[in-house]
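> I'd like to ask some things about the structure below.
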Amino acid sequence: MNYRHSYHAGNVCDVVKHTILISVLDTFFSKKKPFGVLDTHAGTGLYYLEGTEAAKTYEYEQGVKQLWGTTPKNKLLEHYIKIISAFNSDGILKYYPGSPLIIDRFLRDTDQLICAELHPEDGKSLKNTLKHQKQVSVHLQDGYLTPNALLPFSQNRGVVFIDPPFETTDEFSNMCAAVTSGLKKMPQATFLLWYPIKEISDLNPFYSQLRKLTEAKILKSELYFYRQPEKNKLNGSGTVIINPPWEIKETLETGLSDLSKILAFEKGAPLIIESI
């Protein structure tokens with residue numbers, strides 16, 4: 001496994017996927033009932049944007065840096081910036097929190113976060129970062145196997161966040177397999193599946209495969225960076241939500257519309273939020 005997220009932390013896809021994650025977590029946090037979260041590809045937890053890895057790509061400059069220092073009127077984007085700011089208390093953008101630390105901001109004493117990370121160094125780093133959090137556990141294993149191994153949550157409600165590196169050609173199939181086992185263990189859970197939009201021809205088979213897995217509602221959210229998709233480019237960021245929370249579609253429509261105006265590389269790039 002060669003992928004290291006430290007080279008890509010805070011990029012455009014991170015901003016989009018974490019904004020969506022925050023919107024879902026908001027709905028769970030708003031109710032008093034406890035919940036669990038499974039983060040299948042958790043990474044290290046916190047990324048230093050002035051470090052050697054980030055400095056090789058500077059991807060965060062097209063991502064989180066575009067929002068840094070702004071005061072959006074949209075509540076979802078405001079919440080996103082508030083969370084990022086909590087890790088940069090001096091007002092200078094130096095650190096970017098990965099999904100485990102974003103999720104941790106929502107946890108109450110009765111809630112739970114289970115993380116999986118296959119890369120041994122990143123997994124150990126994450127364990128060290130979260131070692132004082134009693135309601136958090138970190139497993140050094142293949143994240144695709146964790147829905148079958150670690151569900152259901154004792155809280156009986158929760159979120160499964162599947163955010164793979166997409167360094168192999170079978171990631172879509174692996175995600176569907178993980179969802180299949182996860183739904184058997186916990187059919188009422190909300191599943192978030194993130195994917196980069198590269199080859200458009202890959203998407204319809206993926207939607208069809210998901211549709212065959214469950215009769216539950218499935219919502220897709222795709223923010224494109226260009227007006228017209230092109231081959232051999234990162235054309236956008238996609239997220240599928242199985243069992244989406246109530247009224248999440250309306251929240252994403254307003255929040256991602258504003259985000260698209262900031263992050264899209266071309267004016268008029270599509271934003272698609274619809275059921276599949």
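Ordering of the structure tokens sets the chain letters (A, B, ...), residue numbers begin anew at 1 in every chain, and ligands are numbered from 1 in the order given.
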Near Ile20 (chain A), counting only C-alpha atoms, which residues have an atom at most 9 Å away, once you skip same-chain residues fewer than 4 positions from it, shown as a list in words?
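Contacts, in chain order: Val15, Val16, Val24, Leu25, Leu76, Leu192, Ser221, Thr239, Leu252, Gly255 and Leu256 of chain A.
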> With N, CA and C atoms retained, could you export that selection as a PDB file, in the first residue's frame?

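Written output follows (out-v6.pdb):
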ATOM      1  N   VAL A  15     -12.233  18.902   1.028  1.00  0.00           N
ATOM      2  CA  VAL A  15     -13.190  19.937   1.431  1.00  0.00           C
ATOM      3  C   VAL A  15     -14.618  19.488   1.136  1.00  0.00           C
ATOM      4  N   VAL A  16     -14.846  18.939  -0.055  1.00  0.00           N
ATOM      5  CA  VAL A  16     -16.193  18.515  -0.443  1.00  0.00           C
ATOM      6  C   VAL A  16     -16.663  17.350   0.426  1.00  0.00           C
ATOM      7  N   VAL A  24     -23.954  15.290   7.632  1.00  0.00           N
ATOM      8  CA  VAL A  24     -24.575  14.059   8.140  1.00  0.00           C
ATOM      9  C   VAL A  24     -24.401  13.956   9.650  1.00  0.00           C
ATOM     10  N   LEU A  25     -23.198  14.230  10.135  1.00  0.00           N
ATOM     11  CA  LEU A  25     -22.947  14.152  11.572  1.00  0.00           C
ATOM     12  C   LEU A  25     -23.800  15.156  12.346  1.00  0.00           C
ATOM     13  N   LEU A  76     -23.634  25.440   6.867  1.00  0.00           N
ATOM     14  CA  LEU A  76     -22.817  24.243   6.707  1.00  0.00           C
ATOM     15  C   LEU A  76     -21.358  24.610   6.465  1.00  0.00           C
ATOM     16  N   LEU A 192     -21.796   6.406   3.921  1.00  0.00           N
ATOM     17  CA  LEU A 192     -21.249   7.433   3.040  1.00  0.00           C
ATOM     18  C   LEU A 192     -20.100   6.820   2.251  1.00  0.00           C
ATOM     19  N   SER A 221     -24.283  12.753  -4.546  1.00  0.00           N
ATOM     20  CA  SER A 221     -23.913  14.163  -4.571  1.00  0.00           C
ATOM     21  C   SER A 221     -22.587  14.284  -5.304  1.00  0.00           C
ATOM     22  N   THR A 239     -20.025  11.611  -3.728  1.00  0.00           N
ATOM     23  CA  THR A 239     -20.364  10.908  -2.488  1.00  0.00           C
ATOM     24  C   THR A 239     -21.756  10.314  -2.632  1.00  0.00           C
ATOM     25  N   LEU A 252     -27.525  19.956   1.553  1.00  0.00           N
ATOM     26  CA  LEU A 252     -26.409  19.846   0.611  1.00  0.00           C
ATOM     27  C   LEU A 252     -26.603  20.742  -0.601  1.00  0.00           C
ATOM     28  N   GLY A 255     -25.528  24.244   0.632  1.00  0.00           N
ATOM     29  CA  GLY A 255     -24.127  24.306   1.036  1.00  0.00           C
ATOM     30  C   GLY A 255     -23.162  24.047  -0.096  1.00  0.00           C
ATOM     31  N   LEU A 256     -23.412  23.000  -0.892  1.00  0.00           N
ATOM     32  CA  LEU A 256     -22.496  22.658  -1.980  1.00  0.00           C
ATOM     33  C   LEU A 256     -22.616  23.623  -3.150  1.00  0.00           C
TER      34      LEU A 256
END
> Which residues are near Arg108 (chain A)? Cut-off 10 Å, only C-alpha atoms, ignore same chain within fewer than 4 positions. Put them as JSON, numbers by chain.
{"A": [29, 32, 34, 35, 104, 112, 135]}
> Please produce an output containing all heavy atoms for each residue in the selection, written as a short mmCIF file (atom, residue, chain, number, x, y, z; two decimals), in the first residue's frame.

data_model
loop_
_atom_site.label_atom_id
_atom_site.label_comp_id
_atom_site.auth_asym_id
_atom_site.auth_seq_id
_atom_site.Cartn_x
_atom_site.Cartn_y
_atom_site.Cartn_z
N PHE A 29 -25.97 14.29 15.64
CA PHE A 29 -25.66 15.02 16.87
C PHE A 29 -26.88 15.80 17.39
O PHE A 29 -27.01 16.03 18.60
CB PHE A 29 -24.50 15.98 16.61
CG PHE A 29 -24.03 16.73 17.83
CD1 PHE A 29 -23.17 16.12 18.74
CD2 PHE A 29 -24.43 18.03 18.06
CE1 PHE A 29 -22.73 16.81 19.87
CE2 PHE A 29 -24.00 18.73 19.17
CZ PHE A 29 -23.14 18.11 20.08
N LYS A 32 -30.71 13.39 20.83
CA LYS A 32 -30.09 12.98 22.08
C LYS A 32 -29.62 11.53 22.06
O LYS A 32 -28.74 11.15 22.83
CB LYS A 32 -31.07 13.18 23.24
CG LYS A 32 -31.38 14.65 23.52
CD LYS A 32 -32.32 14.79 24.70
CE LYS A 32 -32.61 16.27 24.98
NZ LYS A 32 -33.52 16.44 26.14
N PRO A 34 -27.59 8.30 21.43
CA PRO A 34 -26.18 8.10 21.09
C PRO A 34 -26.01 7.43 19.73
O PRO A 34 -26.93 6.77 19.23
CB PRO A 34 -25.66 7.18 22.22
CG PRO A 34 -26.88 6.50 22.74
CD PRO A 34 -28.01 7.48 22.58
N PHE A 35 -24.86 7.60 19.13
CA PHE A 35 -24.59 7.02 17.82
C PHE A 35 -23.13 6.57 17.73
O PHE A 35 -22.27 6.98 18.51
CB PHE A 35 -24.91 8.02 16.69
CG PHE A 35 -24.04 9.25 16.69
CD1 PHE A 35 -22.87 9.31 15.95
CD2 PHE A 35 -24.41 10.38 17.42
CE1 PHE A 35 -22.07 10.44 15.93
CE2 PHE A 35 -23.62 11.53 17.41
CZ PHE A 35 -22.45 11.55 16.67
N ASP A 104 -14.50 13.25 15.70
CA ASP A 104 -14.30 13.37 17.14
C ASP A 104 -14.92 14.65 17.71
O ASP A 104 -15.32 14.68 18.88
CB ASP A 104 -12.79 13.34 17.44
CG ASP A 104 -12.50 13.38 18.92
OD1 ASP A 104 -12.98 12.50 19.65
OD2 ASP A 104 -11.81 14.31 19.37
N GLN A 112 -19.52 6.79 19.92
CA GLN A 112 -18.38 5.91 19.68
C GLN A 112 -17.81 6.14 18.28
O GLN A 112 -18.56 6.36 17.32
CB GLN A 112 -18.84 4.45 19.81
CG GLN A 112 -17.81 3.40 19.45
CD GLN A 112 -18.41 2.00 19.38
OE1 GLN A 112 -19.63 1.84 19.23
NE2 GLN A 112 -17.58 0.98 19.47
N GLN A 135 -13.78 7.00 23.93
CA GLN A 135 -14.83 6.43 23.07
C GLN A 135 -14.34 6.18 21.65
O GLN A 135 -15.13 5.96 20.74
CB GLN A 135 -16.08 7.31 23.09
CG GLN A 135 -16.00 8.73 22.67
CD GLN A 135 -15.47 9.73 23.64
OE1 GLN A 135 -14.35 9.65 24.11
NE2 GLN A 135 -16.26 10.76 23.90
#
> I'd like to know which of A:Thr71, A:Asn235, A:Thr146, A:Ser173 is closest to Ser208 (chain A), using only C-alpha atoms.
A:Ser173
> Out of A:Val240, A:Leu151, A:Leu234, A:Ile114, which residue has the shortest atom-to-atom distance to Asn11 (chain A) when counting only C-alpha atoms?
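Smallest separation from Asn11 (chain A) among the options: A:Leu234.
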> For CA of Asp109 (chain A) and CA of Lys31 (chain A), determine how far apart the two atoms are, in Å to one decimal place.
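Separation of CA of Asp109 (chain A) and CA of Lys31 (chain A): 14.0 Å.
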> Determine the nearest neighbour of Thr40 (chain A) from the options A:Asp122, A:Asp142, A:Asp90, A:Glu59, counting only C-alpha atoms.
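Comparing A:Asp122, A:Asp142, A:Asp90, A:Glu59 against Thr40 (chain A), the winner is A:Asp142.
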> List as an NGL selection string the protein and nucleic acid residues near Ala9 (chain A), meaning an atom at most 8 Å away when only C-alpha atoms are counted, but skip any in the same chain fewer than 6 places from it.
:A and (47 or 49 or 54 or 59-60 or 96 or 98)
> Find the residue from A:Leu107, A:Ile162, A:Val136, A:Leu93 that sits nearest to Ile81 (chain A); use only C-alpha atoms when measuring.
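Among A:Leu107, A:Ile162, A:Val136, A:Leu93, it is A:Leu93 that comes nearest to Ile81 (chain A).
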> What's the 9 Å shell around region 83-85 of chain A, counting only C-alpha atoms, without same-chain residues fewer than 3 positions away, as JSON, numbers by chain?
{"A": [64, 68, 78, 79, 80, 88, 89, 90, 91, 92, 93, 95, 96, 97, 102, 105]}
> Write out as a list of chain:residue names which residues come within 8 Å of Ile272 (chain A) when counting only C-alpha atoms, dropping same-chain ones fewer than 5 positions away.
A:Lys220, A:Ser221, A:Glu222, A:Leu223
> Those same residues, written as a PDB file, in the first residue's frame with all heavy atoms?

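Now in again_33.pdb:
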ATOM      1  N   LYS A 220     -27.058  10.555  -4.352  1.00  0.00           N
ATOM      2  CA  LYS A 220     -25.700  10.849  -4.826  1.00  0.00           C
ATOM      3  C   LYS A 220     -25.497  12.353  -4.887  1.00  0.00           C
ATOM      4  O   LYS A 220     -26.400  13.118  -5.215  1.00  0.00           O
ATOM      5  CB  LYS A 220     -25.440  10.220  -6.198  1.00  0.00           C
ATOM      6  CG  LYS A 220     -26.069  10.942  -7.374  1.00  0.00           C
ATOM      7  CD  LYS A 220     -25.557  10.383  -8.704  1.00  0.00           C
ATOM      8  CE  LYS A 220     -26.169  11.124  -9.881  1.00  0.00           C
ATOM      9  NZ  LYS A 220     -25.723  10.612 -11.179  1.00  0.00           N
ATOM     10  N   SER A 221     -24.283  12.753  -4.546  1.00  0.00           N
ATOM     11  CA  SER A 221     -23.913  14.163  -4.571  1.00  0.00           C
ATOM     12  C   SER A 221     -22.587  14.284  -5.304  1.00  0.00           C
ATOM     13  O   SER A 221     -21.574  13.736  -4.855  1.00  0.00           O
ATOM     14  CB  SER A 221     -23.785  14.695  -3.134  1.00  0.00           C
ATOM     15  OG  SER A 221     -23.275  16.002  -3.127  1.00  0.00           O
ATOM     16  N   GLU A 222     -22.592  14.984  -6.424  1.00  0.00           N
ATOM     17  CA  GLU A 222     -21.389  15.098  -7.246  1.00  0.00           C
ATOM     18  C   GLU A 222     -21.114  16.559  -7.580  1.00  0.00           C
ATOM     19  O   GLU A 222     -21.921  17.229  -8.221  1.00  0.00           O
ATOM     20  CB  GLU A 222     -21.535  14.272  -8.521  1.00  0.00           C
ATOM     21  CG  GLU A 222     -21.653  12.777  -8.224  1.00  0.00           C
ATOM     22  CD  GLU A 222     -21.793  11.929  -9.470  1.00  0.00           C
ATOM     23  OE1 GLU A 222     -22.133  12.474 -10.530  1.00  0.00           O
ATOM     24  OE2 GLU A 222     -21.569  10.703  -9.364  1.00  0.00           O
ATOM     25  N   LEU A 223     -19.984  17.033  -7.114  1.00  0.00           N
ATOM     26  CA  LEU A 223     -19.549  18.404  -7.404  1.00  0.00           C
ATOM     27  C   LEU A 223     -18.421  18.312  -8.430  1.00  0.00           C
ATOM     28  O   LEU A 223     -17.372  17.732  -8.160  1.00  0.00           O
ATOM     29  CB  LEU A 223     -19.084  19.093  -6.127  1.00  0.00           C
ATOM     30  CG  LEU A 223     -18.830  20.606  -6.196  1.00  0.00           C
ATOM     31  CD1 LEU A 223     -18.979  21.237  -4.799  1.00  0.00           C
ATOM     32  CD2 LEU A 223     -17.447  20.950  -6.748  1.00  0.00           C
TER      33      LEU A 223
END
> Based on the backbone DSSP call, show me all residues of region 88-267 of chain A assigned alpha helix (DSSP H), as number ranges by chain.
A: 99-104, 120-129, 146-150, 171-185, 203-213, 248-263
> Name the residues in contact with Pro196 (chain A) at a cut-off of 7 Å, using only C-alpha atoms, excluding same-chain residues fewer than 4 positions from it; report them as a ChimeraX atom specification.
/A:234,236-238
> Find, counting only C-alpha atoms, the residue in A:Glu167, A:Glu274, A:Asp26, A:Glu199 that gets nearest to Lys75 (chain A).
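Among A:Glu167, A:Glu274, A:Asp26, A:Glu199, it is A:Asp26 that comes nearest to Lys75 (chain A).
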